[in-house]
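With compact mmCIF, N, CA and C atoms inside, this is model_11.txt:
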# COMPACT_ATOMS: atom_id res chain seq x y z
N MET A 720 -72.53 -53.14 -36.94
CA MET A 720 -73.56 -52.22 -37.38
C MET A 720 -74.12 -52.70 -38.73
N LEU A 721 -75.40 -52.71 -38.82
CA LEU A 721 -76.07 -53.15 -40.03
C LEU A 721 -76.13 -51.99 -41.02
N THR A 722 -75.80 -52.27 -42.26
CA THR A 722 -75.85 -51.27 -43.32
C THR A 722 -76.57 -51.84 -44.53
N LEU A 723 -76.94 -50.97 -45.44
CA LEU A 723 -77.57 -51.44 -46.68
C LEU A 723 -76.61 -52.33 -47.46
N ASP A 724 -75.34 -51.96 -47.48
CA ASP A 724 -74.36 -52.79 -48.18
C ASP A 724 -74.24 -54.17 -47.56
N LYS A 725 -74.28 -54.24 -46.24
CA LYS A 725 -74.20 -55.54 -45.57
C LYS A 725 -75.45 -56.37 -45.88
N LEU A 726 -76.60 -55.73 -45.90
CA LEU A 726 -77.84 -56.43 -46.25
C LEU A 726 -77.80 -56.92 -47.70
N ARG A 727 -77.27 -56.11 -48.59
CA ARG A 727 -77.15 -56.53 -49.99
C ARG A 727 -76.21 -57.73 -50.11
N ALA A 728 -75.06 -57.65 -49.42
CA ALA A 728 -74.09 -58.74 -49.46
C ALA A 728 -74.69 -60.02 -48.88
N PHE A 729 -75.58 -59.88 -47.92
CA PHE A 729 -76.27 -61.01 -47.31
C PHE A 729 -77.22 -61.67 -48.29
N GLY A 730 -77.72 -60.89 -49.24
CA GLY A 730 -78.66 -61.41 -50.23
C GLY A 730 -80.06 -60.86 -50.10
N ALA A 731 -80.22 -59.89 -49.23
CA ALA A 731 -81.53 -59.26 -49.07
C ALA A 731 -81.85 -58.45 -50.32
N ASN A 732 -83.11 -58.39 -50.66
CA ASN A 732 -83.56 -57.54 -51.76
C ASN A 732 -83.85 -56.16 -51.16
N VAL A 733 -82.78 -55.41 -50.99
CA VAL A 733 -82.84 -54.13 -50.28
C VAL A 733 -83.82 -53.16 -50.94
N GLU A 734 -83.82 -53.11 -52.26
CA GLU A 734 -84.71 -52.16 -52.94
C GLU A 734 -86.18 -52.49 -52.64
N GLU A 735 -86.50 -53.78 -52.63
CA GLU A 735 -87.87 -54.19 -52.31
C GLU A 735 -88.21 -53.83 -50.86
N GLY A 736 -87.30 -54.14 -49.95
CA GLY A 736 -87.52 -53.81 -48.54
C GLY A 736 -87.65 -52.32 -48.31
N LEU A 737 -86.78 -51.56 -48.96
CA LEU A 737 -86.85 -50.10 -48.84
C LEU A 737 -88.18 -49.58 -49.37
N GLY A 738 -88.64 -50.14 -50.46
CA GLY A 738 -89.92 -49.72 -51.03
C GLY A 738 -91.06 -49.88 -50.03
N ARG A 739 -90.99 -50.92 -49.23
CA ARG A 739 -92.03 -51.14 -48.21
C ARG A 739 -91.87 -50.19 -47.03
N CYS A 740 -90.73 -49.53 -46.97
CA CYS A 740 -90.45 -48.58 -45.88
C CYS A 740 -90.38 -47.15 -46.41
N ILE A 741 -91.10 -46.89 -47.46
CA ILE A 741 -91.18 -45.57 -48.09
C ILE A 741 -89.79 -45.02 -48.42
N ASN A 742 -88.88 -45.93 -48.77
CA ASN A 742 -87.50 -45.59 -49.11
C ASN A 742 -86.75 -44.85 -48.00
N ASN A 743 -87.18 -45.08 -46.76
CA ASN A 743 -86.51 -44.50 -45.60
C ASN A 743 -85.45 -45.49 -45.12
N GLU A 744 -84.20 -45.22 -45.47
CA GLU A 744 -83.11 -46.16 -45.18
C GLU A 744 -82.96 -46.42 -43.69
N GLN A 745 -82.99 -45.38 -42.88
CA GLN A 745 -82.84 -45.58 -41.43
C GLN A 745 -83.95 -46.45 -40.86
N PHE A 746 -85.16 -46.22 -41.32
CA PHE A 746 -86.31 -47.00 -40.85
C PHE A 746 -86.15 -48.47 -41.25
N TYR A 747 -85.76 -48.70 -42.50
CA TYR A 747 -85.57 -50.06 -42.98
C TYR A 747 -84.48 -50.78 -42.18
N ILE A 748 -83.37 -50.13 -41.98
CA ILE A 748 -82.28 -50.75 -41.21
C ILE A 748 -82.73 -51.02 -39.78
N ARG A 749 -83.44 -50.08 -39.17
CA ARG A 749 -83.92 -50.29 -37.80
C ARG A 749 -84.87 -51.49 -37.73
N LEU A 750 -85.76 -51.62 -38.71
CA LEU A 750 -86.66 -52.78 -38.73
C LEU A 750 -85.90 -54.08 -38.96
N ALA A 751 -84.90 -54.05 -39.84
CA ALA A 751 -84.09 -55.25 -40.08
C ALA A 751 -83.33 -55.64 -38.82
N GLU A 752 -82.80 -54.67 -38.09
CA GLU A 752 -82.09 -54.96 -36.84
C GLU A 752 -83.03 -55.59 -35.82
N LYS A 753 -84.24 -55.06 -35.74
CA LYS A 753 -85.23 -55.64 -34.81
C LYS A 753 -85.60 -57.05 -35.25
N ALA A 754 -85.71 -57.26 -36.54
CA ALA A 754 -86.09 -58.58 -37.06
C ALA A 754 -85.04 -59.62 -36.70
N ILE A 755 -83.77 -59.30 -36.87
CA ILE A 755 -82.74 -60.31 -36.60
C ILE A 755 -82.51 -60.50 -35.11
N ALA A 756 -82.98 -59.54 -34.29
CA ALA A 756 -82.87 -59.68 -32.85
C ALA A 756 -84.15 -60.24 -32.23
N ASP A 757 -85.12 -60.59 -33.05
CA ASP A 757 -86.41 -61.07 -32.57
C ASP A 757 -86.22 -62.28 -31.64
N PRO A 758 -86.79 -62.22 -30.43
CA PRO A 758 -86.68 -63.36 -29.51
C PRO A 758 -87.36 -64.62 -30.03
N GLY A 759 -88.14 -64.49 -31.07
CA GLY A 759 -88.78 -65.65 -31.67
C GLY A 759 -87.78 -66.68 -32.17
N PHE A 760 -86.59 -66.22 -32.57
CA PHE A 760 -85.58 -67.17 -33.03
C PHE A 760 -85.17 -68.12 -31.91
N GLU A 761 -85.00 -67.59 -30.70
CA GLU A 761 -84.64 -68.45 -29.57
C GLU A 761 -85.82 -69.34 -29.18
N LYS A 762 -87.03 -68.80 -29.27
CA LYS A 762 -88.21 -69.59 -28.98
C LYS A 762 -88.39 -70.71 -30.01
N LEU A 763 -87.97 -70.44 -31.24
CA LEU A 763 -88.09 -71.44 -32.29
C LEU A 763 -87.18 -72.64 -32.00
N ILE A 764 -85.97 -72.38 -31.56
CA ILE A 764 -85.07 -73.50 -31.24
C ILE A 764 -85.61 -74.27 -30.04
N GLU A 765 -86.19 -73.56 -29.07
CA GLU A 765 -86.79 -74.25 -27.92
C GLU A 765 -87.93 -75.16 -28.37
N ALA A 766 -88.78 -74.66 -29.24
CA ALA A 766 -89.91 -75.46 -29.74
C ALA A 766 -89.39 -76.68 -30.49
N ALA A 767 -88.35 -76.49 -31.29
CA ALA A 767 -87.78 -77.61 -32.05
C ALA A 767 -87.19 -78.65 -31.10
N GLU A 768 -86.48 -78.20 -30.09
CA GLU A 768 -85.88 -79.13 -29.13
C GLU A 768 -86.93 -79.91 -28.36
N LYS A 769 -88.06 -79.28 -28.07
CA LYS A 769 -89.14 -79.94 -27.34
C LYS A 769 -90.04 -80.77 -28.26
N GLY A 770 -89.88 -80.59 -29.55
CA GLY A 770 -90.76 -81.30 -30.49
C GLY A 770 -92.16 -80.71 -30.52
N ASP A 771 -92.29 -79.43 -30.14
CA ASP A 771 -93.59 -78.76 -30.11
C ASP A 771 -93.90 -78.20 -31.49
N LEU A 772 -94.53 -79.01 -32.31
CA LEU A 772 -94.78 -78.64 -33.70
C LEU A 772 -95.78 -77.49 -33.83
N GLU A 773 -96.75 -77.42 -32.95
CA GLU A 773 -97.73 -76.32 -33.00
C GLU A 773 -97.05 -74.99 -32.72
N GLN A 774 -96.26 -74.95 -31.66
CA GLN A 774 -95.55 -73.72 -31.30
C GLN A 774 -94.51 -73.39 -32.38
N GLY A 775 -93.83 -74.39 -32.87
CA GLY A 775 -92.85 -74.19 -33.94
C GLY A 775 -93.49 -73.57 -35.17
N PHE A 776 -94.68 -74.06 -35.51
CA PHE A 776 -95.39 -73.50 -36.65
C PHE A 776 -95.72 -72.03 -36.41
N ALA A 777 -96.30 -71.72 -35.26
CA ALA A 777 -96.71 -70.34 -34.97
C ALA A 777 -95.51 -69.39 -35.02
N ILE A 778 -94.41 -69.79 -34.41
CA ILE A 778 -93.24 -68.93 -34.36
C ILE A 778 -92.61 -68.79 -35.75
N SER A 779 -92.41 -69.89 -36.45
CA SER A 779 -91.77 -69.82 -37.76
C SER A 779 -92.64 -69.03 -38.75
N HIS A 780 -93.94 -69.16 -38.63
CA HIS A 780 -94.85 -68.43 -39.51
C HIS A 780 -94.71 -66.93 -39.29
N ALA A 781 -94.64 -66.51 -38.04
CA ALA A 781 -94.48 -65.09 -37.72
C ALA A 781 -93.13 -64.56 -38.23
N LEU A 782 -92.07 -65.31 -37.97
CA LEU A 782 -90.74 -64.89 -38.42
C LEU A 782 -90.66 -64.84 -39.95
N LYS A 783 -91.32 -65.79 -40.60
CA LYS A 783 -91.35 -65.82 -42.07
C LYS A 783 -92.00 -64.56 -42.60
N GLY A 784 -93.08 -64.12 -41.99
CA GLY A 784 -93.77 -62.92 -42.42
C GLY A 784 -92.90 -61.68 -42.31
N VAL A 785 -92.19 -61.57 -41.22
CA VAL A 785 -91.30 -60.42 -41.03
C VAL A 785 -90.19 -60.45 -42.07
N ALA A 786 -89.58 -61.62 -42.27
CA ALA A 786 -88.51 -61.75 -43.26
C ALA A 786 -89.02 -61.42 -44.66
N ALA A 787 -90.23 -61.83 -44.97
CA ALA A 787 -90.81 -61.54 -46.28
C ALA A 787 -91.04 -60.04 -46.45
N ASN A 788 -91.62 -59.40 -45.45
CA ASN A 788 -91.91 -57.98 -45.54
C ASN A 788 -90.66 -57.13 -45.68
N LEU A 789 -89.56 -57.58 -45.08
CA LEU A 789 -88.31 -56.83 -45.15
C LEU A 789 -87.41 -57.32 -46.28
N ALA A 790 -87.90 -58.28 -47.06
CA ALA A 790 -87.17 -58.84 -48.21
C ALA A 790 -85.83 -59.43 -47.78
N LEU A 791 -85.82 -60.06 -46.62
CA LEU A 791 -84.62 -60.75 -46.12
C LEU A 791 -84.65 -62.18 -46.67
N THR A 792 -84.48 -62.30 -47.95
CA THR A 792 -84.65 -63.56 -48.67
C THR A 792 -83.86 -64.72 -48.09
N PRO A 793 -82.60 -64.53 -47.69
CA PRO A 793 -81.85 -65.66 -47.14
C PRO A 793 -82.43 -66.21 -45.83
N LEU A 794 -83.24 -65.43 -45.15
CA LEU A 794 -83.96 -65.93 -43.98
C LEU A 794 -85.35 -66.41 -44.37
N TYR A 795 -85.97 -65.68 -45.28
CA TYR A 795 -87.33 -66.04 -45.69
C TYR A 795 -87.40 -67.45 -46.26
N ALA A 796 -86.47 -67.80 -47.14
CA ALA A 796 -86.54 -69.10 -47.81
C ALA A 796 -86.51 -70.27 -46.82
N PRO A 797 -85.54 -70.35 -45.91
CA PRO A 797 -85.56 -71.48 -44.98
C PRO A 797 -86.70 -71.40 -43.97
N LEU A 798 -87.10 -70.19 -43.60
CA LEU A 798 -88.23 -70.06 -42.69
C LEU A 798 -89.51 -70.54 -43.36
N SER A 799 -89.65 -70.26 -44.63
CA SER A 799 -90.81 -70.72 -45.38
C SER A 799 -90.84 -72.25 -45.43
N GLU A 800 -89.69 -72.85 -45.69
CA GLU A 800 -89.60 -74.31 -45.75
C GLU A 800 -89.95 -74.95 -44.41
N ILE A 801 -89.37 -74.43 -43.33
CA ILE A 801 -89.61 -75.06 -42.03
C ILE A 801 -91.05 -74.81 -41.57
N THR A 802 -91.62 -73.67 -41.96
CA THR A 802 -93.02 -73.40 -41.62
C THR A 802 -93.92 -74.47 -42.21
N GLU A 803 -93.67 -74.83 -43.45
CA GLU A 803 -94.49 -75.86 -44.10
C GLU A 803 -94.27 -77.24 -43.46
N LEU A 804 -93.05 -77.52 -43.05
CA LEU A 804 -92.80 -78.79 -42.35
C LEU A 804 -93.56 -78.83 -41.03
N PHE A 805 -93.50 -77.72 -40.29
CA PHE A 805 -94.25 -77.66 -39.02
C PHE A 805 -95.75 -77.77 -39.30
N ARG A 806 -96.22 -77.04 -40.30
CA ARG A 806 -97.66 -77.04 -40.63
C ARG A 806 -98.14 -78.47 -40.91
N ASN A 807 -97.33 -79.21 -41.64
CA ASN A 807 -97.71 -80.58 -42.03
C ASN A 807 -97.29 -81.64 -41.02
N LYS A 808 -96.71 -81.18 -39.91
CA LYS A 808 -96.24 -82.09 -38.86
C LYS A 808 -95.36 -83.19 -39.46
N ALA A 809 -94.49 -82.77 -40.35
CA ALA A 809 -93.60 -83.70 -41.05
C ALA A 809 -92.54 -84.25 -40.11
N ASP A 810 -92.09 -85.42 -40.43
CA ASP A 810 -90.98 -86.02 -39.70
C ASP A 810 -89.70 -85.37 -40.23
N ALA A 811 -89.08 -84.53 -39.41
CA ALA A 811 -87.90 -83.79 -39.86
C ALA A 811 -86.98 -83.54 -38.67
N ASP A 812 -85.74 -83.25 -38.96
CA ASP A 812 -84.77 -82.87 -37.94
C ASP A 812 -84.88 -81.36 -37.73
N TYR A 813 -85.89 -80.96 -36.98
CA TYR A 813 -86.18 -79.55 -36.78
C TYR A 813 -85.04 -78.80 -36.11
N VAL A 814 -84.35 -79.44 -35.19
CA VAL A 814 -83.26 -78.78 -34.49
C VAL A 814 -82.16 -78.38 -35.48
N SER A 815 -81.81 -79.27 -36.38
CA SER A 815 -80.79 -78.95 -37.39
C SER A 815 -81.27 -77.85 -38.33
N LEU A 816 -82.52 -77.92 -38.72
CA LEU A 816 -83.07 -76.90 -39.62
C LEU A 816 -83.07 -75.53 -38.96
N VAL A 817 -83.49 -75.47 -37.70
CA VAL A 817 -83.49 -74.20 -36.98
C VAL A 817 -82.07 -73.71 -36.77
N SER A 818 -81.16 -74.61 -36.45
CA SER A 818 -79.76 -74.23 -36.26
C SER A 818 -79.20 -73.59 -37.52
N ALA A 819 -79.56 -74.11 -38.67
CA ALA A 819 -79.10 -73.54 -39.94
C ALA A 819 -79.69 -72.14 -40.14
N ILE A 820 -80.94 -71.96 -39.75
CA ILE A 820 -81.58 -70.64 -39.85
C ILE A 820 -80.86 -69.66 -38.93
N LEU A 821 -80.57 -70.09 -37.71
CA LEU A 821 -79.88 -69.22 -36.76
C LEU A 821 -78.48 -68.85 -37.26
N ALA A 822 -77.80 -69.81 -37.85
CA ALA A 822 -76.47 -69.53 -38.41
C ALA A 822 -76.56 -68.50 -39.53
N LYS A 823 -77.59 -68.61 -40.35
CA LYS A 823 -77.79 -67.64 -41.43
C LYS A 823 -78.08 -66.26 -40.84
N ARG A 824 -78.96 -66.22 -39.87
CA ARG A 824 -79.29 -64.95 -39.22
C ARG A 824 -78.05 -64.32 -38.59
N ASP A 825 -77.20 -65.15 -37.99
CA ASP A 825 -76.02 -64.64 -37.31
C ASP A 825 -75.01 -64.02 -38.26
N GLU A 826 -75.10 -64.33 -39.54
CA GLU A 826 -74.23 -63.68 -40.52
C GLU A 826 -74.42 -62.15 -40.47
N LEU A 827 -75.64 -61.72 -40.17
CA LEU A 827 -75.92 -60.29 -40.12
C LEU A 827 -75.46 -59.64 -38.82
N THR A 828 -75.22 -60.44 -37.80
CA THR A 828 -74.84 -59.85 -36.51
C THR A 828 -73.33 -59.83 -36.31
N ARG A 829 -72.60 -60.53 -37.18
CA ARG A 829 -71.14 -60.54 -37.07
C ARG A 829 -70.57 -59.23 -37.56
N GLU A 830 -69.58 -58.75 -36.84
CA GLU A 830 -68.86 -57.55 -37.28
C GLU A 830 -67.81 -57.97 -38.29
N ASN A 831 -67.70 -57.23 -39.34
CA ASN A 831 -66.70 -57.52 -40.38
C ASN A 831 -65.61 -56.49 -40.35
File written out as structure tokens:
Amino acid sequence: MLTLDKLRAFGANVEEGLGRCINNEQFYIRLAEKAIADPGFEKLIEAAEKGDLEQGFAISHALKGVAANLALTPLYAPLSEITELFRNKADADYVSLVSAILAKRDELTREN
């Protein structure tokens, strides 16, 4: 179960995220749960595996926006980096980068 304490321990800027949700804790947590369950994460790894830089850019850009709006900084930072790599069609190990993002996201889904 996702809690504000778990989000804080993860490194999210909970106060900023709550502010965007009119300080409604349940609403913020529900949005954060939806964000980490977004099927875009699985689509992102598929795009990386296929080398589809256009699709990778579109998906990472969308996920980055959600992470930014919810102040999920530990996801926002690597998503921002990979979005720029996709945008510039840089030569990068996208599969490893996406795997690291997924591992970070999975920290929020593990039961403690």
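Shortest separation to Ala766 (chain A) among A:Glu803, A:Ala796, A:Val814, A:Asp825 occurs at residue A:Val814, atoms counted being only N, CA and C atoms.
Nearest to Ala777 (chain A) of all the residues A:Thr802, A:Asp812, A:Leu789, A:Phe746 is A:Thr802, based on all atoms listed in the file.
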- Task: Kindly give the distance, in Å, that separates atom N of Ala754 (chain A) and atom C of Leu798 (chain A), rounded to a single decimal.
- Result: 15.4 Å
Using the file's own x, y and z axes, so that the box edges lie along x, y and z, what centre and edge lengths in Å (one decimal) does a box around every listed atom of region 757-767 of chain A get when 3 Å is added on each side? Give it as lines of an AutoDock Vina configuration file.
center_x = -87.3
center_y = -69.6
center_z = -30.5
size_x = 11.3
size_y = 24.1
size_z = 11.1
- Note on the structure: The distance between CA of Phe805 (chain A) and CA of Phe776 (chain A) is 4.9 Å
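Taking CA of Leu721 (chain A) and CA of Gln774 (chain A) as endpoints, the distance between them is 29.6 Å.
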- Excluding same-chain residues fewer than 5 positions from Asn732 (chain A), what lies within 7 Å of it counting only C-alpha atoms, as a ChimeraX atom specification? /A:727,790-792
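For region 739-745 of chain A, the set of protein, DNA and RNA residues having any atom at most 12 Å away, when counting only C-alpha atoms and skipping those fewer than 6 positions along the same chain, is Leu721, Thr722, Leu723, Asp724, Leu726, Asn732, Val733, Ala751, Glu752, Val785, Ala787, Asn788, Leu789 and Ala790 of chain A.
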- Asp757 (chain A): which residues within 12 Å, counting only C-alpha atoms, same-chain residues fewer than 6 positions away excluded, as a ChimeraX atom specification? /A:750-751,763,778-779,781-783,785-786,821,824-825
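Closest approach to Pro793 (chain A) from the set A:Ile755, A:Leu827, A:Val817, A:Ala731 is made by A:Ala731, with distances taken over all atoms listed in the file.
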- Picked from chain A by DSSP as alpha helix (DSSP H), as a VMD selection string: chain A and resid 723 to 729 733 to 739 744 to 755 759 to 769 772 to 788 792 to 806 813 to 825
